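Data file: query.cif. Format and content: mmCIF, C-alpha atoms.
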```cif
data_target
loop_
_atom_site.label_atom_id
_atom_site.label_comp_id
_atom_site.auth_asym_id
_atom_site.auth_seq_id
_atom_site.Cartn_x
_atom_site.Cartn_y
_atom_site.Cartn_z
CA MET A 382 14.80 -9.77 11.44
CA SER A 383 16.54 -6.65 12.70
CA ARG A 384 15.09 -4.64 15.56
CA PRO A 385 14.19 -0.94 15.88
CA SER A 386 17.07 1.24 16.98
CA SER A 387 17.48 2.17 20.64
CA THR A 388 16.92 5.82 19.65
CA ALA A 389 13.51 4.97 18.13
CA SER A 390 12.65 2.89 21.18
CA ARG A 391 13.48 5.79 23.52
CA ARG A 392 11.33 8.17 21.47
CA ALA A 393 8.40 5.75 21.57
CA ALA A 394 8.75 5.39 25.33
CA ALA A 395 8.78 9.18 25.69
CA GLY A 396 5.56 9.60 23.74
CA GLY A 397 6.86 9.15 20.20
CA ARG A 398 6.74 11.40 17.20
CA VAL A 399 3.81 12.88 15.31
CA LEU A 400 4.05 12.64 11.53
CA HIS A 401 1.98 15.16 9.57
CA LEU A 402 1.27 14.59 5.87
CA GLU A 403 0.49 17.34 3.38
CA THR A 404 -1.59 15.38 0.87
CA PHE A 405 -2.53 18.15 -1.54
CA SER A 406 -1.76 15.85 -4.49
CA GLY A 407 -3.04 12.63 -2.95
CA ILE A 408 -1.02 9.78 -1.51
CA ALA A 409 0.21 6.36 -2.58
CA GLY A 410 2.20 3.60 -0.94
CA ASN A 411 5.43 4.33 -2.78
CA MET A 412 5.05 8.07 -2.08
CA PHE A 413 4.73 7.31 1.63
CA LEU A 414 7.76 4.99 1.63
CA GLY A 415 9.81 7.61 -0.21
CA ALA A 416 8.87 10.23 2.37
CA LEU A 417 9.86 7.91 5.23
CA LEU A 418 13.24 7.28 3.61
CA ASP A 419 13.75 11.04 3.26
CA LEU A 420 12.91 11.38 6.96
CA GLY A 421 15.77 9.07 7.89
CA LEU A 422 14.43 5.53 7.60
CA SER A 423 17.33 3.21 6.79
CA ARG A 424 16.85 1.48 3.46
CA ARG A 425 18.94 -1.47 4.63
CA ALA A 426 16.86 -1.88 7.79
CA LEU A 427 13.64 -1.58 5.78
CA VAL A 428 14.69 -4.33 3.37
CA GLU A 429 15.90 -6.57 6.22
CA ASP A 430 12.56 -6.25 8.02
CA LEU A 431 10.57 -6.78 4.81
CA GLN A 432 12.34 -10.08 4.24
CA GLY A 433 10.30 -11.38 7.17
CA LEU A 434 7.30 -11.48 4.81
CA GLY A 435 8.83 -14.40 2.96
CA VAL A 436 7.93 -13.05 -0.50
CA GLU A 437 10.27 -12.24 -3.37
CA PHE A 438 10.66 -8.54 -4.10
CA ALA A 439 13.16 -5.93 -5.23
CA LEU A 440 13.19 -2.40 -3.84
CA ARG A 441 14.49 0.25 -6.21
CA VAL A 442 15.02 3.75 -4.86
CA SER A 443 16.02 6.75 -6.98
CA ARG A 444 16.19 10.51 -6.67
CA VAL A 445 13.69 12.38 -8.84
CA ARG A 446 12.26 15.85 -9.31
CA ARG A 447 8.55 16.60 -9.42
CA GLY A 448 8.14 20.17 -10.55
CA ALA A 449 10.52 22.23 -8.41
CA LEU A 450 10.80 19.62 -5.65
CA ALA A 451 13.28 16.80 -5.15
CA ALA A 452 12.11 13.50 -3.73
CA ARG A 453 12.83 9.80 -3.49
CA TYR A 454 10.97 7.52 -5.87
CA VAL A 455 10.38 3.99 -4.60
CA ASP A 456 9.55 1.17 -6.99
CA VAL A 457 8.67 -2.24 -5.55
CA ARG A 458 9.01 -5.07 -8.05
CA ALA A 459 8.17 -8.73 -7.85
CA PRO A 460 10.44 -11.01 -9.95
CA GLY A 461 8.48 -12.46 -12.87
CA ALA A 462 5.32 -10.40 -12.20
CA ALA A 463 5.39 -8.61 -15.57
CA ARG A 464 6.01 -11.89 -17.37
CA ARG A 465 3.09 -13.59 -15.60
CA LYS A 466 0.81 -10.66 -16.37
CA ARG A 467 1.69 -10.82 -20.08
CA ARG A 468 1.04 -14.56 -20.12
CA GLY A 469 -2.33 -14.03 -18.42
CA LYS A 470 -3.39 -11.44 -20.98
CA ALA A 471 -2.23 -13.63 -23.88
CA ALA A 472 -4.26 -16.55 -22.55
CA GLY A 473 -7.33 -14.34 -22.23
CA LYS A 474 -7.94 -15.39 -18.64
CA SER A 475 -11.11 -14.20 -16.96
CA ALA A 476 -12.95 -14.93 -13.76
CA SER A 477 -15.97 -13.63 -11.94
CA HIS A 478 -15.88 -11.67 -8.70
CA ALA A 479 -18.56 -9.31 -7.43
CA GLY A 480 -20.12 -9.32 -10.89
CA HIS A 481 -16.96 -8.21 -12.74
CA GLY A 482 -14.86 -10.13 -15.22
CA HIS A 483 -11.08 -9.94 -14.78
CA GLY A 484 -7.93 -12.02 -14.36
CA HIS A 485 -6.78 -13.26 -10.95
CA ALA A 486 -3.17 -14.05 -11.83
CA HIS A 487 -1.59 -11.35 -9.69
CA GLY A 488 -4.12 -10.97 -6.87
CA ARG A 489 -4.89 -12.57 -3.53
CA HIS A 490 -7.92 -12.97 -1.32
CA TYR A 491 -7.99 -10.86 1.83
CA THR A 492 -7.86 -13.99 3.99
CA GLU A 493 -4.70 -15.14 2.18
CA ILE A 494 -3.00 -11.79 2.75
CA ALA A 495 -4.03 -11.78 6.42
CA ARG A 496 -2.53 -15.27 6.89
CA LEU A 497 0.68 -14.24 5.13
CA ILE A 498 1.17 -11.21 7.39
CA ALA A 499 0.08 -13.03 10.55
CA ARG A 500 2.72 -15.73 9.95
CA ALA A 501 5.45 -13.32 8.87
CA LYS A 502 8.54 -12.66 10.98
CA LEU A 503 7.62 -9.11 11.91
CA ALA A 504 7.64 -7.12 15.13
CA ALA A 505 4.20 -7.28 16.75
CA PRO A 506 3.34 -3.55 16.30
CA VAL A 507 4.30 -3.79 12.60
CA ARG A 508 2.20 -6.91 12.08
CA ASP A 509 -0.80 -5.37 13.86
CA ARG A 510 -0.67 -2.17 11.83
CA ALA A 511 -0.28 -3.98 8.49
CA LEU A 512 -3.20 -6.26 9.34
CA ALA A 513 -5.34 -3.27 10.34
CA ILE A 514 -4.58 -1.50 7.04
CA PHE A 515 -5.57 -4.50 4.95
CA GLU A 516 -8.69 -5.04 7.04
CA ALA A 517 -9.74 -1.43 6.37
CA LEU A 518 -9.15 -1.96 2.64
CA ALA A 519 -11.07 -5.24 2.66
CA ARG A 520 -14.05 -3.74 4.50
CA ALA A 521 -14.22 -0.89 1.98
CA GLU A 522 -14.13 -3.33 -0.94
CA ALA A 523 -16.75 -5.56 0.73
CA ARG A 524 -19.16 -2.63 1.14
CA VAL A 525 -18.66 -1.41 -2.42
CA HIS A 526 -19.08 -4.83 -4.03
CA GLY A 527 -21.71 -6.16 -1.64
CA THR A 528 -19.74 -9.22 -0.65
CA PRO A 529 -18.59 -10.70 2.70
CA ILE A 530 -15.14 -9.54 3.77
CA GLU A 531 -13.87 -13.14 3.66
CA LYS A 532 -14.64 -13.30 -0.07
CA VAL A 533 -12.92 -10.05 -1.03
CA HIS A 534 -10.32 -10.62 -3.72
CA PHE A 535 -7.70 -7.91 -4.15
CA HIS A 536 -6.17 -7.36 -7.56
CA GLU A 537 -3.74 -4.44 -7.68
CA VAL A 538 -3.85 -4.28 -3.86
CA GLY A 539 -3.21 -8.03 -3.61
CA ALA A 540 -0.02 -7.91 -5.63
CA VAL A 541 3.38 -8.22 -3.98
CA ASP A 542 4.19 -4.53 -4.44
CA ALA A 543 1.12 -3.52 -2.43
CA ILE A 544 1.83 -6.03 0.35
CA VAL A 545 5.42 -4.82 0.55
CA GLY A 546 4.28 -1.18 0.46
CA VAL A 547 1.74 -1.54 3.27
CA THR A 548 4.10 -3.57 5.46
CA GLY A 549 6.98 -1.21 4.65
CA ALA A 550 4.88 1.75 5.82
CA ALA A 551 4.22 -0.02 9.13
CA ILE A 552 7.94 -0.83 9.47
CA GLY A 553 8.94 2.75 8.76
CA LEU A 554 6.57 4.23 11.32
CA ALA A 555 7.83 1.81 13.97
CA ARG A 556 11.50 2.41 13.20
CA LEU A 557 11.11 6.19 13.21
CA GLY A 558 9.24 6.11 16.52
CA VAL A 559 6.06 7.59 15.01
CA THR A 560 3.06 6.95 17.26
CA ARG A 561 0.55 9.29 15.60
CA VAL A 562 -0.08 10.31 11.99
CA THR A 563 -2.14 13.32 10.97
CA SER A 564 -3.01 14.60 7.51
CA SER A 565 -4.27 17.61 5.65
CA PRO A 566 -7.44 17.01 3.57
CA VAL A 567 -6.57 14.57 0.80
CA GLY A 568 -6.59 15.98 -2.72
CA LEU A 569 -8.71 13.76 -4.98
CA GLY A 570 -8.57 13.60 -8.75
CA SER A 571 -11.79 13.35 -10.71
CA GLY A 572 -13.07 12.40 -14.12
CA GLY A 573 -12.47 9.02 -15.63
CA PRO A 574 -13.54 6.42 -16.20
CA ILE A 575 -10.39 4.37 -15.65
CA ASP A 576 -9.83 0.70 -16.46
CA VAL A 577 -8.66 -1.48 -13.58
CA ASP A 578 -8.89 -5.19 -12.85
CA HIS A 579 -12.36 -4.65 -11.36
CA GLY A 580 -13.43 -3.23 -14.72
CA ARG A 581 -14.23 0.36 -15.67
CA GLN A 582 -14.64 2.71 -12.69
CA PRO A 583 -15.17 6.42 -12.09
CA LEU A 584 -12.76 8.68 -10.25
CA PRO A 585 -12.43 8.75 -7.34
CA ALA A 586 -12.80 4.98 -7.24
CA PRO A 587 -15.74 3.80 -5.08
CA ALA A 588 -13.51 1.95 -2.59
CA THR A 589 -11.36 5.07 -2.21
CA LEU A 590 -14.44 7.13 -1.35
CA GLU A 591 -15.52 4.46 1.12
CA LEU A 592 -12.12 4.63 2.83
CA ARG A 593 -12.36 8.42 3.03
CA ARG A 594 -15.86 8.36 4.55
CA GLY A 595 -16.02 10.91 7.38
CA SER A 596 -12.64 12.46 6.50
CA PRO A 597 -12.21 15.82 4.74
CA THR A 598 -11.10 15.90 1.10
CA VAL A 599 -10.43 18.66 -1.41
CA PRO A 600 -10.40 18.68 -5.24
CA ALA A 601 -6.92 18.11 -6.64
CA LEU A 602 -8.12 19.66 -9.93
CA VAL A 603 -6.57 16.89 -12.04
CA THR A 604 -8.17 14.20 -14.19
CA TRP A 605 -6.22 11.21 -12.92
CA GLU A 606 -6.16 9.04 -9.81
CA THR A 607 -4.31 10.55 -6.86
#
```
Let me see whether you can do it: turn the structure in this file into C-alpha cells.
Amino acid sequence: MSRPSSTASRRAAAGGRVLHLETFSGIAGNMFLGALLDLGLSRRALVEDLQGLGVEFALRVSRVRRGALAARYVDVRAPGAARRKRRGKAAGKSASHAGHGHGHAHGRHYTEIARLIARAKLAAPVRDRALAIFEALARAEARVHGTPIEKVHFHEVGAVDAIVGVTGAAIGLARLGVTRVTSSPVGLGSGGPIDVDHGRQPLPAPATLELRRGSPTVPALVTWET
C-alpha cells in the first residue's frame, strides 16, 4: 500500500482543503472519482491503494464530453461479473429480502462489506470514511425496508464496482488533503418507476430520499435517476 504524498500530508496538517461540489445534475460514485482525477489525484496511486481491498477489479478511465464540457469517465469493472449476472438471469434465480423477490448473485450483506473494509490494507482515515459511508447507506436501507441494519443486503451497492467506488472516494479525499466537503443542493430526477434488484421503485428512490433527509435538494427536471 502506498502512502499519501508529503504535500498532501502538509496540507492536512495546515487545515486541509475544502472541496465544493456543484451537484446540479446529481452525483454518482464514478462521477466523483472522475472529478478527483481531474483535480490531480494520481490514477496509479489510486489503483495501488485500492488493491488493499483484496478484490478483483479493473479501472478504466477515458476522456469524454457531456454537452459542452470535457470530463473524465471512470468505469469500474469486476472480472466475470457480467458473465455471472447472465448466468443468474438464465437460471431464474430469486430470493426474498424485505418482501422483494430478486437475485443475490452480485450483492453482499452490509456486515460482509464492513468486514471486508475493516480487514483491508487501507490507511486508517480511508478505512474509517469508507465504513461510515456504507453505514449511512445501510441505515437508510434499513429504515426504508423495515429491517435491522445487520440484515440489510445490498444489490447494486454491494457489487465490487460500488465497493471500489466508495473506497476510491475515501482514498482520493485523503490523498488530495481534503478535510471538508460541501455541496450545492443536489438535483434529483423524478418520474419512474424504474426496475432495480429491489423491484420496481419510484424516483427518487426511497433510500436516496432517506439519505438526503434534512439536506436541500432541487428538481433536476429530468425523468431519470441522478
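Taking atom CA of A:Arg500 and atom CA of A:Phe535 as endpoints, the distance between them is 19.2 Å.
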Hits of the PyMOL selection byres ((chain A and resi 432-441) around 7) in this structure, as an MDAnalysis selection string: chainID A and resid 382 428:431 442:443 455:460 498 501:503
Written file, previous selection with C-alpha atoms, as a PDB file, keeping the file's coordinate frame:
```
ATOM      1  CA  MET A 382      14.800  -9.770  11.440  1.00  0.00           C
ATOM      2  CA  VAL A 428      14.690  -4.330   3.370  1.00  0.00           C
ATOM      3  CA  GLU A 429      15.900  -6.570   6.220  1.00  0.00           C
ATOM      4  CA  ASP A 430      12.560  -6.250   8.020  1.00  0.00           C
ATOM      5  CA  LEU A 431      10.570  -6.780   4.810  1.00  0.00           C
ATOM      6  CA  VAL A 442      15.020   3.750  -4.860  1.00  0.00           C
ATOM      7  CA  SER A 443      16.020   6.750  -6.980  1.00  0.00           C
ATOM      8  CA  VAL A 455      10.380   3.990  -4.600  1.00  0.00           C
ATOM      9  CA  ASP A 456       9.550   1.170  -6.990  1.00  0.00           C
ATOM     10  CA  VAL A 457       8.670  -2.240  -5.550  1.00  0.00           C
ATOM     11  CA  ARG A 458       9.010  -5.070  -8.050  1.00  0.00           C
ATOM     12  CA  ALA A 459       8.170  -8.730  -7.850  1.00  0.00           C
ATOM     13  CA  PRO A 460      10.440 -11.010  -9.950  1.00  0.00           C
ATOM     14  CA  ILE A 498       1.170 -11.210   7.390  1.00  0.00           C
ATOM     15  CA  ALA A 501       5.450 -13.320   8.870  1.00  0.00           C
ATOM     16  CA  LYS A 502       8.540 -12.660  10.980  1.00  0.00           C
ATOM     17  CA  LEU A 503       7.620  -9.110  11.910  1.00  0.00           C
TER      18      LEU A 503
END
```
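Considering only C-alpha atoms, the residue among A:Val533, A:Ala495, A:Val562, A:Leu450 positioned nearest to A:Phe515 is A:Ala495.
When only C-alpha atoms are used to compute distances to A:Gly488, the closest of the residues A:Ala540, A:Ala451, A:Leu590, A:Leu512 turns out to be A:Ala540.
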Ground truth for the PyMOL selection byres ((chain A and resi 412) around 12), written as JSON, numbers by chain: {"A": [402, 403, 404, 406, 407, 408, 409, 410, 411, 413, 414, 415, 416, 417, 418, 419, 442, 445, 447, 452, 453, 454, 455, 456, 457, 546, 547, 549, 550, 607]}
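Using the PyMOL selection byres ((chain A and resi 568-577) around 8) on the file at hand returns these residues: Thr404, Phe405, Ser406, Gly407, Pro566, Val567, Asp578, His579, Gly580, Arg581, Gln582, Pro583, Leu584, Pro585, Thr598, Val599, Pro600, Ala601, Leu602, Val603, Thr604, Trp605, Glu606 and Thr607 of chain A.
A straight line drawn from atom CA of A:Pro529 to atom CA of A:Ala505 is 27.0 Å long.
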Atom pair atom CA of A:Leu400 / atom CA of A:Leu427: separation (Å): 18.1 Å
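Closest to A:Ile544 among A:His401, A:Arg594, A:Arg508, A:Arg444 is A:Arg508, based on all atoms listed in the file.
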Find the axis-aligned box for stretch 397-403 of chain A, covering all its listed atoms and adding 4 Å on each side, and write its centre and edge lengths in Å to one decimal as AutoDock Vina command-line options.
```
--center_x 3.7 --center_y 13.2 --center_z 11.8 --size_x 14.4 --size_y 16.2 --size_z 24.8
```
Neighbours of point (-16.6, -5.5, -3.6) within 12 Å, using only C-alpha atoms, written as a PyMOL selection string: chain A and resi 477-481+490-491+518-536+579-580+586-589+591
